[in-house]
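Heads up: the structure comes next, in structure tokens.
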Amino acid sequence: MSPTLLRPGVYAPTMTFFDPNTEDLDVASIRRHAVRLAKAGLVGLVTMGSNGEAVHLTREERMTVTRETRSALDEAGFQNVPVIAGASENSIRGTIELCREVAAAGGEYALIVPPSYYRGAVGNDETLYEFFTAVADSSPVPLILYNYPGAVAGIDMDSDLIIRISKHPNIVGTKFTCANTGKLTRVATALGAITPPSPLAPAQRVAPTVSKPNAKHPYVAFGGIADFSLQTLVSGGSAILAGGANVIPRLCVRIFNLWTEGRLAEAMQAQEQLSTADWVLTKAAIPGTKSAIQSYYGYGGFPRRPLARLSDAQAQEIASKIKGALDVELSLKDVA
């Protein structure tokens, strides 16, 4: 079966929720969260990314999170919302095994960072090219490259390498958490990435300068931080895939929709609201993001240790600092 096509819009790397006492998976909250985000207008979800604390979960737990997310979406009528799953290991063999587990759990795409444990040996173009193309050769699901230097010992793939790797027909996109808009533009242009319609953007992207033999899926260039959602679209990107969408998904969707409607001044204002709140969440990291979800939506809880648990005073401070954006968020209606 062919995977659900990725489309322009807003995506979220979802959180993984735990019982506050036992730290067992809180499956009910995982399912609730997925449906809440889909109702807000998100067009795709990522499980087992950085925000999902994949490094704190067993492989069986990772499959459970992906399976329950897919099941919850299907039961709520969101069969058209694809599930992407993080599947990063440091070996080619191990990463292929994770990709197979993604497929078995109902994930349709795998999001993969470069290997980095042996940074001095693997942090070069030829080794990274071999890693991604070898995984793509054997993966049952298409791959999305994840360029996130902060999580992989500073490895930052440049546009030439990303374009070269992405000639592989089973590689269909890149998430740019490097926040480099110039790099995003070069990759999107070379690979003919899909773009949302907008009166402010060219009516049709020129033909890609790099051919992808046997490719069946248009390339997707994801802006990987809420801070540059609008900048992603202005730079020729396809979609936004950002952790802030866990807390303020409707505001993220509003920025995307304002861009497609050609309402740039309003989109800029909304981006200012989003960036102000997202900086608070970024500094507070996963504990703070979960705290914000708890404060405003009644679930969220804590991360797995050794990530810290915030005090009541810290949680209240975060809720207060993002209140302006949340007032906007809660004034907006769900799309679905």
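Letters A, B, ... go to the chains of the structure tokens in the order shown; residues in each chain start at 1; ligands are counted from 1 in the same order.
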
*Excluding Asn246 in chain A and any residue of its chain fewer than 3 positions from it, enumerate the residues within 8 Å of it, using only C-alpha atoms, and give them as a PyMOL selection string.*
chain A and resi 12-15+37+243+249+289+293

*Neighbours of Ala188 in chain A within 8 Å (only C-alpha atoms; same-chain residues fewer than 3 positions away dropped), as a count of residues only?*
10

*CA of Thr69 in chain A to CA of Pro8 in chain A: how many Å, to one decimal?*
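Distance reported for this atom pair: 20.7 Å.
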
*9 Å contact set for Arg304 in chain A, only C-alpha atoms, chain neighbours under 6 positions out, as a ChimeraX atom specification*: /A:17-18,20,23,53,56

Would you write out those residues with C-alpha atoms, as a PDB file, in the first residue's frame?
ATOM      1  CA  PHE A  17       3.087  11.056  27.990  1.00  0.00           C
ATOM      2  CA  PHE A  18       3.728   9.030  31.130  1.00  0.00           C
ATOM      3  CA  PRO A  20       3.324  10.611  36.897  1.00  0.00           C
ATOM      4  CA  GLU A  23       6.472   6.537  34.423  1.00  0.00           C
ATOM      5  CA  GLU A  53      11.732  11.224  24.266  1.00  0.00           C
ATOM      6  CA  HIS A  56      14.062   7.137  26.999  1.00  0.00           C
TER       7      HIS A  56
END

*Please run DSSP on the backbone and report, as a ChimeraX atom specification, all residues within range 131-331 of chain A that come out as strand (DSSP E or B).*
/A:143-147,171-176,220-223,239-241

*Option closest in space to Ser138 in chain A, from A:Ser116, A:Ser71, A:Thr95, A:Ser235 [counting only C-alpha atoms]*: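 Closest to Ser138 in chain A, using only C-alpha atoms: A:Thr95.
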
Selection: 12 Å around Leu42 in chain A, only C-alpha atoms, excl. self and same-chain fewer than 6 positions, as a short mmCIF file (atom, residue, chain, number, x, y, z; two decimals) with all heavy atoms, in the first residue's frame:
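Printed below is around_25.cif as written:
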data_model
loop_
_atom_site.label_atom_id
_atom_site.label_comp_id
_atom_site.auth_asym_id
_atom_site.auth_seq_id
_atom_site.Cartn_x
_atom_site.Cartn_y
_atom_site.Cartn_z
N LEU A 6 2.38 13.22 1.83
CA LEU A 6 2.63 14.39 2.66
C LEU A 6 2.21 15.63 1.88
O LEU A 6 2.39 15.70 0.67
CB LEU A 6 4.12 14.47 3.00
CG LEU A 6 4.71 13.25 3.71
CD1 LEU A 6 6.23 13.38 3.80
CD2 LEU A 6 4.10 13.08 5.09
N ARG A 7 1.64 16.60 2.59
CA ARG A 7 1.17 17.80 1.90
C ARG A 7 1.58 19.04 2.68
O ARG A 7 1.92 18.96 3.86
CB ARG A 7 -0.34 17.75 1.72
CG ARG A 7 -1.17 17.65 3.00
CD ARG A 7 -2.62 17.31 2.68
NE ARG A 7 -3.53 17.48 3.80
CZ ARG A 7 -3.79 16.54 4.70
NH1 ARG A 7 -3.17 15.39 4.64
NH2 ARG A 7 -4.65 16.77 5.68
N PRO A 8 1.55 20.19 2.01
CA PRO A 8 1.89 21.43 2.73
C PRO A 8 0.96 21.65 3.91
O PRO A 8 -0.22 21.31 3.86
CB PRO A 8 1.69 22.51 1.65
CG PRO A 8 1.90 21.80 0.34
CD PRO A 8 1.30 20.43 0.57
N GLY A 9 1.51 22.23 4.96
CA GLY A 9 0.72 22.48 6.16
C GLY A 9 1.60 22.46 7.39
O GLY A 9 2.81 22.62 7.31
N VAL A 10 0.97 22.22 8.53
CA VAL A 10 1.67 22.21 9.81
C VAL A 10 1.68 20.79 10.37
O VAL A 10 0.65 20.11 10.38
CB VAL A 10 1.02 23.17 10.81
CG1 VAL A 10 1.75 23.12 12.16
CG2 VAL A 10 1.01 24.59 10.27
N TYR A 11 2.84 20.37 10.83
CA TYR A 11 3.05 19.07 11.45
C TYR A 11 3.61 19.30 12.86
O TYR A 11 4.22 20.34 13.13
CB TYR A 11 4.06 18.23 10.67
CG TYR A 11 3.66 17.88 9.26
CD1 TYR A 11 3.52 18.85 8.26
CD2 TYR A 11 3.48 16.54 8.89
CE1 TYR A 11 3.18 18.51 6.96
CE2 TYR A 11 3.14 16.19 7.58
CZ TYR A 11 3.00 17.18 6.62
OH TYR A 11 2.66 16.84 5.34
N ALA A 12 3.44 18.30 13.73
CA ALA A 12 4.01 18.41 15.08
C ALA A 12 4.78 17.14 15.42
O ALA A 12 4.30 16.03 15.15
CB ALA A 12 2.93 18.64 16.13
N PRO A 13 5.96 17.29 16.03
CA PRO A 13 6.63 16.15 16.64
C PRO A 13 6.02 15.95 18.03
O PRO A 13 6.26 16.72 18.94
CB PRO A 13 8.09 16.61 16.73
CG PRO A 13 8.01 18.10 16.85
CD PRO A 13 6.73 18.53 16.18
N THR A 14 5.20 14.94 18.17
CA THR A 14 4.35 14.82 19.36
C THR A 14 5.15 14.41 20.60
O THR A 14 6.20 13.78 20.52
CB THR A 14 3.22 13.81 19.14
OG1 THR A 14 3.78 12.52 18.88
CG2 THR A 14 2.36 14.22 17.97
N HIS A 33 -3.98 13.42 22.72
CA HIS A 33 -3.14 14.48 22.17
C HIS A 33 -3.14 14.43 20.64
O HIS A 33 -3.27 15.47 19.98
CB HIS A 33 -1.72 14.33 22.71
CG HIS A 33 -0.80 15.45 22.37
ND1 HIS A 33 -0.98 16.73 22.83
CD2 HIS A 33 0.33 15.47 21.61
CE1 HIS A 33 0.01 17.51 22.38
NE2 HIS A 33 0.80 16.77 21.63
N ALA A 34 -3.00 13.25 20.09
CA ALA A 34 -2.98 13.10 18.63
C ALA A 34 -4.25 13.64 18.00
O ALA A 34 -4.22 14.37 17.00
CB ALA A 34 -2.77 11.64 18.26
N VAL A 35 -5.38 13.31 18.59
CA VAL A 35 -6.66 13.75 18.03
C VAL A 35 -6.83 15.26 18.20
O VAL A 35 -7.34 15.95 17.30
CB VAL A 35 -7.83 12.97 18.68
CG1 VAL A 35 -9.17 13.53 18.23
CG2 VAL A 35 -7.72 11.48 18.34
N ARG A 36 -6.40 15.79 19.35
CA ARG A 36 -6.50 17.25 19.55
C ARG A 36 -5.72 18.01 18.48
O ARG A 36 -6.20 19.01 17.93
CB ARG A 36 -5.99 17.64 20.94
CG ARG A 36 -6.06 19.15 21.20
CD ARG A 36 -5.66 19.51 22.62
NE ARG A 36 -4.24 19.43 22.87
CZ ARG A 36 -3.37 20.39 22.54
NH1 ARG A 36 -3.77 21.49 21.93
NH2 ARG A 36 -2.10 20.25 22.83
N LEU A 73 -5.96 8.31 15.51
CA LEU A 73 -6.31 9.14 14.35
C LEU A 73 -7.35 8.46 13.47
O LEU A 73 -8.32 9.08 13.03
CB LEU A 73 -5.05 9.45 13.54
CG LEU A 73 -4.02 10.37 14.20
CD1 LEU A 73 -2.74 10.41 13.37
CD2 LEU A 73 -4.56 11.79 14.37
N PHE A 78 -9.40 10.62 11.02
CA PHE A 78 -8.27 11.34 10.43
C PHE A 78 -7.32 10.37 9.73
O PHE A 78 -6.10 10.41 9.92
CB PHE A 78 -7.53 12.14 11.50
CG PHE A 78 -8.34 13.27 12.08
CD1 PHE A 78 -8.88 13.17 13.36
CD2 PHE A 78 -8.57 14.42 11.35
CE1 PHE A 78 -9.63 14.21 13.89
CE2 PHE A 78 -9.32 15.46 11.87
CZ PHE A 78 -9.86 15.36 13.14
N ASN A 80 -6.42 10.52 6.81
CA ASN A 80 -5.57 11.25 5.86
C ASN A 80 -4.42 11.99 6.54
O ASN A 80 -3.67 12.70 5.88
CB ASN A 80 -6.41 12.25 5.07
CG ASN A 80 -6.99 13.36 5.95
OD1 ASN A 80 -7.20 13.16 7.15
ND2 ASN A 80 -7.26 14.51 5.37
N VAL A 81 -4.28 11.85 7.85
CA VAL A 81 -3.18 12.47 8.58
C VAL A 81 -2.09 11.41 8.77
O VAL A 81 -2.25 10.48 9.56
CB VAL A 81 -3.65 13.00 9.95
CG1 VAL A 81 -2.46 13.52 10.77
CG2 VAL A 81 -4.68 14.10 9.76
N PRO A 82 -0.99 11.52 8.02
CA PRO A 82 0.05 10.49 8.11
C PRO A 82 0.83 10.57 9.42
O PRO A 82 0.94 11.62 10.04
CB PRO A 82 0.96 10.81 6.92
CG PRO A 82 0.77 12.27 6.69
CD PRO A 82 -0.67 12.56 7.04
N VAL A 83 1.36 9.42 9.82
CA VAL A 83 2.23 9.34 10.99
C VAL A 83 3.65 9.06 10.50
O VAL A 83 3.92 8.06 9.82
CB VAL A 83 1.77 8.23 11.96
CG1 VAL A 83 2.79 8.07 13.09
CG2 VAL A 83 0.40 8.56 12.54
N ALA A 239 6.40 23.03 4.41
CA ALA A 239 5.59 22.78 5.60
C ALA A 239 6.37 23.16 6.84
O ALA A 239 7.59 23.35 6.79
CB ALA A 239 5.17 21.31 5.65
N ILE A 240 5.65 23.24 7.95
CA ILE A 240 6.26 23.52 9.24
C ILE A 240 6.12 22.28 10.10
O ILE A 240 5.04 21.70 10.20
CB ILE A 240 5.58 24.72 9.93
CG1 ILE A 240 5.79 26.00 9.13
CG2 ILE A 240 6.09 24.91 11.35
CD1 ILE A 240 4.57 26.47 8.39
N LEU A 241 7.23 21.86 10.70
CA LEU A 241 7.25 20.70 11.59
C LEU A 241 7.93 21.15 12.87
O LEU A 241 9.15 21.18 12.97
CB LEU A 241 7.98 19.54 10.94
CG LEU A 241 8.29 18.27 11.74
CD1 LEU A 241 7.07 17.78 12.50
CD2 LEU A 241 8.84 17.19 10.84
N ALA A 242 7.13 21.55 13.86
CA ALA A 242 7.70 22.27 14.99
C ALA A 242 7.09 21.85 16.32
O ALA A 242 5.88 21.63 16.43
CB ALA A 242 7.49 23.77 14.79
N ALA A 245 3.97 23.43 18.04
CA ALA A 245 2.62 23.06 17.60
C ALA A 245 1.95 22.10 18.57
O ALA A 245 0.74 21.88 18.49
CB ALA A 245 2.66 22.45 16.20
N ASN A 246 2.70 21.51 19.49
CA ASN A 246 2.08 20.69 20.54
C ASN A 246 1.23 21.54 21.47
O ASN A 246 0.23 21.07 22.02
CB ASN A 246 3.16 19.99 21.37
CG ASN A 246 3.74 18.78 20.70
OD1 ASN A 246 3.12 17.74 20.62
ND2 ASN A 246 4.97 18.93 20.20
N ILE A 248 0.50 25.23 20.81
CA ILE A 248 -0.27 26.26 20.12
C ILE A 248 -0.47 25.89 18.64
O ILE A 248 -0.05 26.61 17.74
CB ILE A 248 0.39 27.66 20.27
CG1 ILE A 248 1.90 27.53 20.43
CG2 ILE A 248 -0.22 28.48 21.34
CD1 ILE A 248 2.62 28.83 20.71
N PRO A 249 -1.13 24.77 18.38
CA PRO A 249 -1.28 24.32 16.99
C PRO A 249 -2.13 25.24 16.13
O PRO A 249 -1.83 25.44 14.95
CB PRO A 249 -1.93 22.94 17.14
CG PRO A 249 -2.65 23.01 18.46
CD PRO A 249 -1.77 23.85 19.33
N ARG A 250 -3.19 25.79 16.69
CA ARG A 250 -4.07 26.64 15.88
C ARG A 250 -3.36 27.90 15.43
O ARG A 250 -3.58 28.39 14.31
CB ARG A 250 -5.32 27.02 16.68
CG ARG A 250 -6.24 25.86 17.03
CD ARG A 250 -7.27 26.35 18.03
NE ARG A 250 -8.20 25.33 18.47
CZ ARG A 250 -8.92 25.42 19.57
NH1 ARG A 250 -8.78 26.48 20.38
NH2 ARG A 250 -9.76 24.47 19.91
N LEU A 251 -2.50 28.46 16.28
CA LEU A 251 -1.76 29.66 15.89
C LEU A 251 -0.76 29.32 14.78
O LEU A 251 -0.58 30.11 13.85
CB LEU A 251 -1.02 30.23 17.11
CG LEU A 251 -0.22 31.52 16.88
CD1 LEU A 251 -1.09 32.63 16.29
CD2 LEU A 251 0.42 31.99 18.20
N CYS A 252 -0.13 28.15 14.86
CA CYS A 252 0.75 27.72 13.78
C CYS A 252 -0.02 27.58 12.47
O CYS A 252 0.44 28.02 11.41
CB CYS A 252 1.42 26.39 14.15
SG CYS A 252 2.58 26.46 15.53
N VAL A 253 -1.19 26.96 12.55
CA VAL A 253 -2.02 26.80 11.36
C VAL A 253 -2.48 28.16 10.83
O VAL A 253 -2.55 28.38 9.61
CB VAL A 253 -3.23 25.89 11.67
CG1 VAL A 253 -4.22 25.88 10.50
CG2 VAL A 253 -2.76 24.47 11.97
N ARG A 254 -2.75 29.09 11.73
CA ARG A 254 -3.17 30.43 11.31
C ARG A 254 -2.07 31.11 10.49
O ARG A 254 -2.36 31.72 9.46
CB ARG A 254 -3.52 31.28 12.53
CG ARG A 254 -3.85 32.74 12.19
CD ARG A 254 -4.44 33.48 13.37
NE ARG A 254 -4.53 34.91 13.12
CZ ARG A 254 -5.46 35.49 12.36
NH1 ARG A 254 -6.37 34.74 11.75
NH2 ARG A 254 -5.49 36.79 12.18
N PHE A 256 0.20 29.65 8.68
CA PHE A 256 0.21 28.97 7.38
C PHE A 256 -0.94 29.46 6.50
O PHE A 256 -0.76 29.78 5.32
CB PHE A 256 0.12 27.46 7.58
CG PHE A 256 0.15 26.67 6.30
CD1 PHE A 256 1.36 26.30 5.73
CD2 PHE A 256 -1.03 26.31 5.66
CE1 PHE A 256 1.39 25.59 4.54
CE2 PHE A 256 -1.00 25.60 4.48
CZ PHE A 256 0.21 25.23 3.92
N ASN A 257 -2.15 29.55 7.07
CA ASN A 257 -3.31 29.96 6.28
C ASN A 257 -3.23 31.42 5.85
O ASN A 257 -3.63 31.76 4.73
CB ASN A 257 -4.59 29.72 7.10
CG ASN A 257 -4.92 28.24 7.25
OD1 ASN A 257 -4.40 27.41 6.50
ND2 ASN A 257 -5.73 27.91 8.22
N ASP A 334 -11.17 25.05 16.01
CA ASP A 334 -10.59 23.89 15.35
C ASP A 334 -10.96 23.92 13.87
O ASP A 334 -12.04 24.40 13.48
CB ASP A 334 -11.10 22.59 15.96
CG ASP A 334 -10.42 22.25 17.26
OD1 ASP A 334 -9.30 22.77 17.50
OD2 ASP A 334 -10.97 21.45 18.05
N VAL A 335 -10.06 23.39 13.06
CA VAL A 335 -10.32 23.31 11.62
C VAL A 335 -11.23 22.13 11.32
O VAL A 335 -12.11 22.19 10.47
CB VAL A 335 -8.98 23.17 10.85
CG1 VAL A 335 -9.22 22.88 9.39
CG2 VAL A 335 -8.16 24.45 11.03
N ALA A 336 -11.01 21.02 12.03
CA ALA A 336 -11.80 19.80 11.77
C ALA A 336 -12.74 19.51 12.93
O ALA A 336 -12.52 19.88 14.05
CB ALA A 336 -10.85 18.62 11.56
#

*Would you list the contacts of range 311-315 of chain A as a PyMOL selection string, taking every protein, DNA or RNA residue within 8 Å and counting only C-alpha atoms, but skipping same-chain residues closer than 5 positions in sequence?*
chain A and resi 288+291-292+295

Next, dump the selected residues to file, keeping only N, CA and C atoms, as a PDB file, in the first residue's frame.
ATOM      1  N   GLY A 288       9.130  21.908  30.189  1.00  0.00           N
ATOM      2  CA  GLY A 288       8.314  23.103  30.101  1.00  0.00           C
ATOM      3  C   GLY A 288       7.166  22.963  29.117  1.00  0.00           C
ATOM      4  N   SER A 291       4.602  20.916  30.757  1.00  0.00           N
ATOM      5  CA  SER A 291       3.970  21.743  31.787  1.00  0.00           C
ATOM      6  C   SER A 291       2.924  22.667  31.183  1.00  0.00           C
ATOM      7  N   ALA A 292       3.245  23.264  30.025  1.00  0.00           N
ATOM      8  CA  ALA A 292       2.300  24.159  29.366  1.00  0.00           C
ATOM      9  C   ALA A 292       1.049  23.412  28.916  1.00  0.00           C
ATOM     10  N   SER A 295      -1.006  22.858  31.973  1.00  0.00           N
ATOM     11  CA  SER A 295      -1.643  24.086  32.470  1.00  0.00           C
ATOM     12  C   SER A 295      -2.868  24.462  31.660  1.00  0.00           C
TER      13      SER A 295
END

*CA of Ser275 in chain A and CA of Glu329 in chain A, how far apart in Å?*
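About the pair CA of Glu329 in chain A and CA of Ser275 in chain A: they are 13.4 Å apart.
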
*Have a look at A:Asn124, A:Ser166, A:Thr174, A:Gln271 and name the one nearest to Asn147 in chain A; count only C-alpha atoms.*
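Looking only at the distances to Asn147 in chain A, the closest residue turns out to be A:Thr174.
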
_Between CA of Thr66 in chain A and CA of Lys175 in chain A, what is the distance in Å, rounded to a tenth?_
19.2 Å

*If you run DSSP on the backbone, which residues of range 17-146 of chain A are alpha helix (DSSP H), as a PyMOL selection string?*
chain A and resi 27-39+59-75+92-104+119-122+125-138
